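**Student:** Mind having a look at this structure? Questions to follow.
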Amino acid sequence: MRAPMTSRLGEIVVRRAVARDAKRLTRLVRGSRAYEGPYASMVSDYRVGADYIETHRVFVAVDAGESAGRVLGFYALILEPPELDLLFVQDGSQGRGIGRLLVEHMKAEARAARLDRVRVVSHPPAEGFYRSVGAVRTGTVLANPPAVAWDRPELEIVLS
């Protein structure tokens, strides 16, 4: 069994999510300004459950400084088929490199799992972020109403 992987950015640490994080992660998703307006319906009833956290590789970025333990962001990596299912950074913490830290951590986890690529179906406004961390657009996932009423960019992160 390999040692748990951690990453640091200043006073921010990435750790494996645990079941008791579920409510905080759910609040982070539902409260995201990226999903206001026409996108709100997609996350209004969204729930990150303890079972989801236990089934997938879910990691959280937490403040290790003054606000120790405060969740600043998280991601979920599904191994089969390989996909970055979720990646959220708390609205007030964006622009601090937390998203990039989470992506780099995810890449290391994916490599450790012997994956050679990871699919990303992006929220349309986040496509630029994913491209900035090395993702390449591979297509479009068509709308699937009522759950998702808009087309979404499909990208791939190739791991070397």
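Convention: chains lettered A, B, ... in structure tokens order; per-chain residue numbering from 1; ligands numbered from 1 as shown.
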Skipping near chain neighbours, those fewer than 3 positions away, what residues fall within 10 Å of A:Val71 using only C-alpha atoms, listed as a PyMOL selection string?

**Tutor:** chain A and resi 12-14+21+24-25+28+60-64+67-68+74+89-90+93

**Student:** Just N, CA and C atoms for this one: save the residues we selected as a CSV table (one decimal), in the first residue's frame.

**Tutor:**
```
chain,number,residue,atom,x,y,z
A,12,ILE,N,-1.9,25.8,2.4
A,12,ILE,CA,-3.0,25.0,1.9
A,12,ILE,C,-2.4,23.6,1.7
A,13,VAL,N,-3.2,22.6,2.2
A,13,VAL,CA,-2.8,21.2,2.1
A,13,VAL,C,-3.9,20.5,1.4
A,14,VAL,N,-3.6,19.5,0.6
A,14,VAL,CA,-4.6,18.6,-0.1
A,14,VAL,C,-4.6,17.3,0.7
A,21,ASP,N,-16.8,15.2,5.5
A,21,ASP,CA,-16.7,16.3,4.6
A,21,ASP,C,-17.9,16.5,3.7
A,24,ARG,N,-20.0,19.8,3.8
A,24,ARG,CA,-19.3,21.0,3.4
A,24,ARG,C,-19.0,21.0,1.9
A,25,LEU,N,-18.8,19.8,1.3
A,25,LEU,CA,-18.6,19.8,-0.2
A,25,LEU,C,-19.9,20.1,-0.9
A,28,LEU,N,-20.4,23.7,-0.8
A,28,LEU,CA,-19.5,24.4,-1.8
A,28,LEU,C,-20.0,24.3,-3.2
A,60,VAL,N,-9.6,17.1,-0.8
A,60,VAL,CA,-10.0,18.5,-0.5
A,60,VAL,C,-8.7,19.3,-0.2
A,61,ALA,N,-8.8,20.6,-0.6
A,61,ALA,CA,-7.8,21.5,-0.3
A,61,ALA,C,-8.3,22.2,1.0
A,62,VAL,N,-7.5,22.2,2.0
A,62,VAL,CA,-7.8,22.8,3.3
A,62,VAL,C,-6.8,23.8,3.7
A,63,ASP,N,-7.3,24.8,4.4
A,63,ASP,CA,-6.4,25.8,5.0
A,63,ASP,C,-5.7,25.2,6.2
A,64,ALA,N,-4.4,25.3,6.1
A,64,ALA,CA,-3.6,24.8,7.2
A,64,ALA,C,-3.0,25.9,8.1
A,67,SER,N,-7.1,29.7,9.5
A,67,SER,CA,-8.4,29.1,9.4
A,67,SER,C,-8.3,27.6,9.3
A,68,ALA,N,-7.4,27.0,10.0
A,68,ALA,CA,-7.1,25.5,9.9
A,68,ALA,C,-8.4,24.7,9.7
A,74,PHE,N,-12.1,21.2,-3.8
A,74,PHE,CA,-12.0,19.8,-3.8
A,74,PHE,C,-12.1,19.3,-5.3
A,89,VAL,N,-13.6,25.2,-6.5
A,89,VAL,CA,-12.8,26.1,-5.5
A,89,VAL,C,-13.8,27.1,-5.0
A,90,GLN,N,-13.8,27.3,-3.7
A,90,GLN,CA,-14.7,28.2,-3.0
A,90,GLN,C,-14.5,29.6,-3.7
A,93,SER,N,-11.9,32.0,-2.6
A,93,SER,CA,-10.5,31.5,-2.7
A,93,SER,C,-10.0,31.4,-4.1
```

**Student:** Would you mind listing, for every residue of stretch 95-124 of chain A within 10 Å of stretch 134-137 of chain A, the two atoms forming the shortest contact and the distance between them in Å to one decimal, using only C-alpha atoms, sorted by chain and ascending residue number, as CSV?

**Tutor:**
```
residue,atom,partner,partner_atom,distance
A:Val103,CA,A:Gly134,CA,9.8
A:Arg117,CA,A:Ala135,CA,9.9
A:Val118,CA,A:Ala135,CA,9.1
A:Arg119,CA,A:Ala135,CA,8.9
A:Val120,CA,A:Ala135,CA,8.1
A:Val121,CA,A:Arg137,CA,9.6
A:Ser122,CA,A:Arg137,CA,9.9
```

**Student:** What would the file look like if the residues just selected were written as an mmCIF file, in the first residue's frame with N, CA and C atoms?

**Tutor:**
```cif
data_model
loop_
_atom_site.group_PDB
_atom_site.id
_atom_site.type_symbol
_atom_site.label_atom_id
_atom_site.label_comp_id
_atom_site.auth_asym_id
_atom_site.auth_seq_id
_atom_site.Cartn_x
_atom_site.Cartn_y
_atom_site.Cartn_z
ATOM 1 N N VAL A 103 -5.551 20.280 -9.608
ATOM 2 C CA VAL A 103 -5.329 19.582 -10.881
ATOM 3 C C VAL A 103 -3.993 18.842 -10.852
ATOM 4 N N ARG A 117 -4.604 9.114 -19.324
ATOM 5 C CA ARG A 117 -5.385 10.291 -19.677
ATOM 6 C C ARG A 117 -6.614 10.353 -18.782
ATOM 7 N N VAL A 118 -7.153 11.557 -18.650
ATOM 8 C CA VAL A 118 -8.341 11.776 -17.832
ATOM 9 C C VAL A 118 -9.296 12.668 -18.618
ATOM 10 N N ARG A 119 -10.527 12.239 -18.733
ATOM 11 C CA ARG A 119 -11.571 13.005 -19.425
ATOM 12 C C ARG A 119 -12.110 14.073 -18.481
ATOM 13 N N VAL A 120 -12.455 15.220 -19.066
ATOM 14 C CA VAL A 120 -13.084 16.312 -18.324
ATOM 15 C C VAL A 120 -14.268 16.795 -19.148
ATOM 16 N N VAL A 121 -15.465 16.740 -18.566
ATOM 17 C CA VAL A 121 -16.630 17.377 -19.178
ATOM 18 C C VAL A 121 -16.822 18.653 -18.382
ATOM 19 N N SER A 122 -16.521 19.769 -19.016
ATOM 20 C CA SER A 122 -16.406 21.040 -18.315
ATOM 21 C C SER A 122 -17.706 21.827 -18.265
#
```

**Student:** Output as JSON, numbers by chain all residues of stretch 37-134 of chain A that backbone DSSP marks as alpha helix (DSSP H).

**Tutor:** {"A": [40, 41, 42, 43, 50, 51, 52, 53, 54, 55, 98, 99, 100, 101, 102, 103, 104, 105, 106, 107, 108, 109, 110, 111, 112, 127, 128, 129, 130, 131, 132]}

**Student:** Can you pull out the residues contacting A:Arg114? Cut-off 12 Å, using only C-alpha atoms, and skip same-chain residues under 2 positions away; I want them as a ChimeraX atom specification.

**Tutor:** /A:79-80,82,107-112,116-118,159-160

**Student:** Rank nothing, just name the residue among A:Glu104, A:Glu127, A:Glu11, A:Glu154 nearest to A:Gly139, using only C-alpha atoms.

**Tutor:**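 For A:Gly139, the nearest of the candidates is A:Glu154.
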
**Student:** Give me the residues near A:Arg152 as a PyMOL selection string, where near means some atom within 8 Å (using only C-alpha atoms) and where sequence neighbours in that chain fewer than 4 positions away do not count.

**Tutor:** chain A and resi 121-124+140-143

**Student:** Please identify the strand (DSSP E or B) residues within stretch 71-127 of chain A (assignment by DSSP from backbone atoms) and present them as an NGL selection string.

**Tutor:** :A and (71-78 or 83-89 or 117-121)

**Student:** Got time to write the residues from that selection, C-alpha atoms, as a tab-separated table (two decimals), in the first residue's frame?

**Tutor:**
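Result file is part-v1.tsv:
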```
chain	number	residue	atom	x	y	z
A	71	VAL	CA	-12.28	23.57	2.98
A	72	LEU	CA	-11.16	25.78	0.09
A	73	GLY	CA	-11.84	23.39	-2.79
A	74	PHE	CA	-12.03	19.77	-3.84
A	75	TYR	CA	-11.95	17.37	-6.75
A	76	ALA	CA	-13.19	13.87	-7.51
A	77	LEU	CA	-11.35	11.45	-9.77
A	78	ILE	CA	-13.21	8.46	-11.15
A	83	GLU	CA	-12.73	11.17	-15.52
A	84	LEU	CA	-12.35	14.29	-13.43
A	85	ASP	CA	-15.94	14.29	-12.20
A	86	LEU	CA	-15.91	17.35	-9.96
A	87	LEU	CA	-13.56	20.25	-9.29
A	88	PHE	CA	-14.69	23.23	-7.25
A	89	VAL	CA	-12.85	26.07	-5.55
A	117	ARG	CA	-5.39	10.29	-19.68
A	118	VAL	CA	-8.34	11.78	-17.83
A	119	ARG	CA	-11.57	13.00	-19.42
A	120	VAL	CA	-13.08	16.31	-18.32
A	121	VAL	CA	-16.63	17.38	-19.18
```

**Student:** When you look at A:Ala17 with a cut-off of 7 Å (counting only C-alpha atoms), what residues show up, excluding the ones that are within fewer than 6 positions of it in the same chain? I need them as an MDAnalysis selection string.

**Tutor:** chainID A and resid 53 58:60

**Student:** Which is closer to A:His105 than all the others in A:Pro146, A:Arg57, A:Ser132, A:Arg30, using only C-alpha atoms?

**Tutor:**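 For A:His105, the nearest of the candidates is A:Arg57.
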
**Student:** When you draw a straight line from atom CA of A:Val29 to atom CA of A:Met42, how long is it in Å?

**Tutor:**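 According to the coordinates, atom CA of A:Val29 and atom CA of A:Met42 are separated by 10.1 Å.
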
**Student:** Write out as a list in words each polymer residue whose atoms come within 8 Å of A:Ala22, counting only C-alpha atoms; drop sequence neighbours fewer than 2 positions from it.

**Tutor:**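 My list of contacting residues is Val18, Ala19, Arg20, Arg24, Leu25, Thr26, Val48, Gly49, Ala50 and Ile53 of chain A.
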
**Student:** So, counting only C-alpha atoms, which residue among A:Ala147, A:Arg33, A:Gly69, A:Ala113 is closest to A:Tyr46?

**Tutor:**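 So, comparing all the options, the nearest one is A:Ala147.
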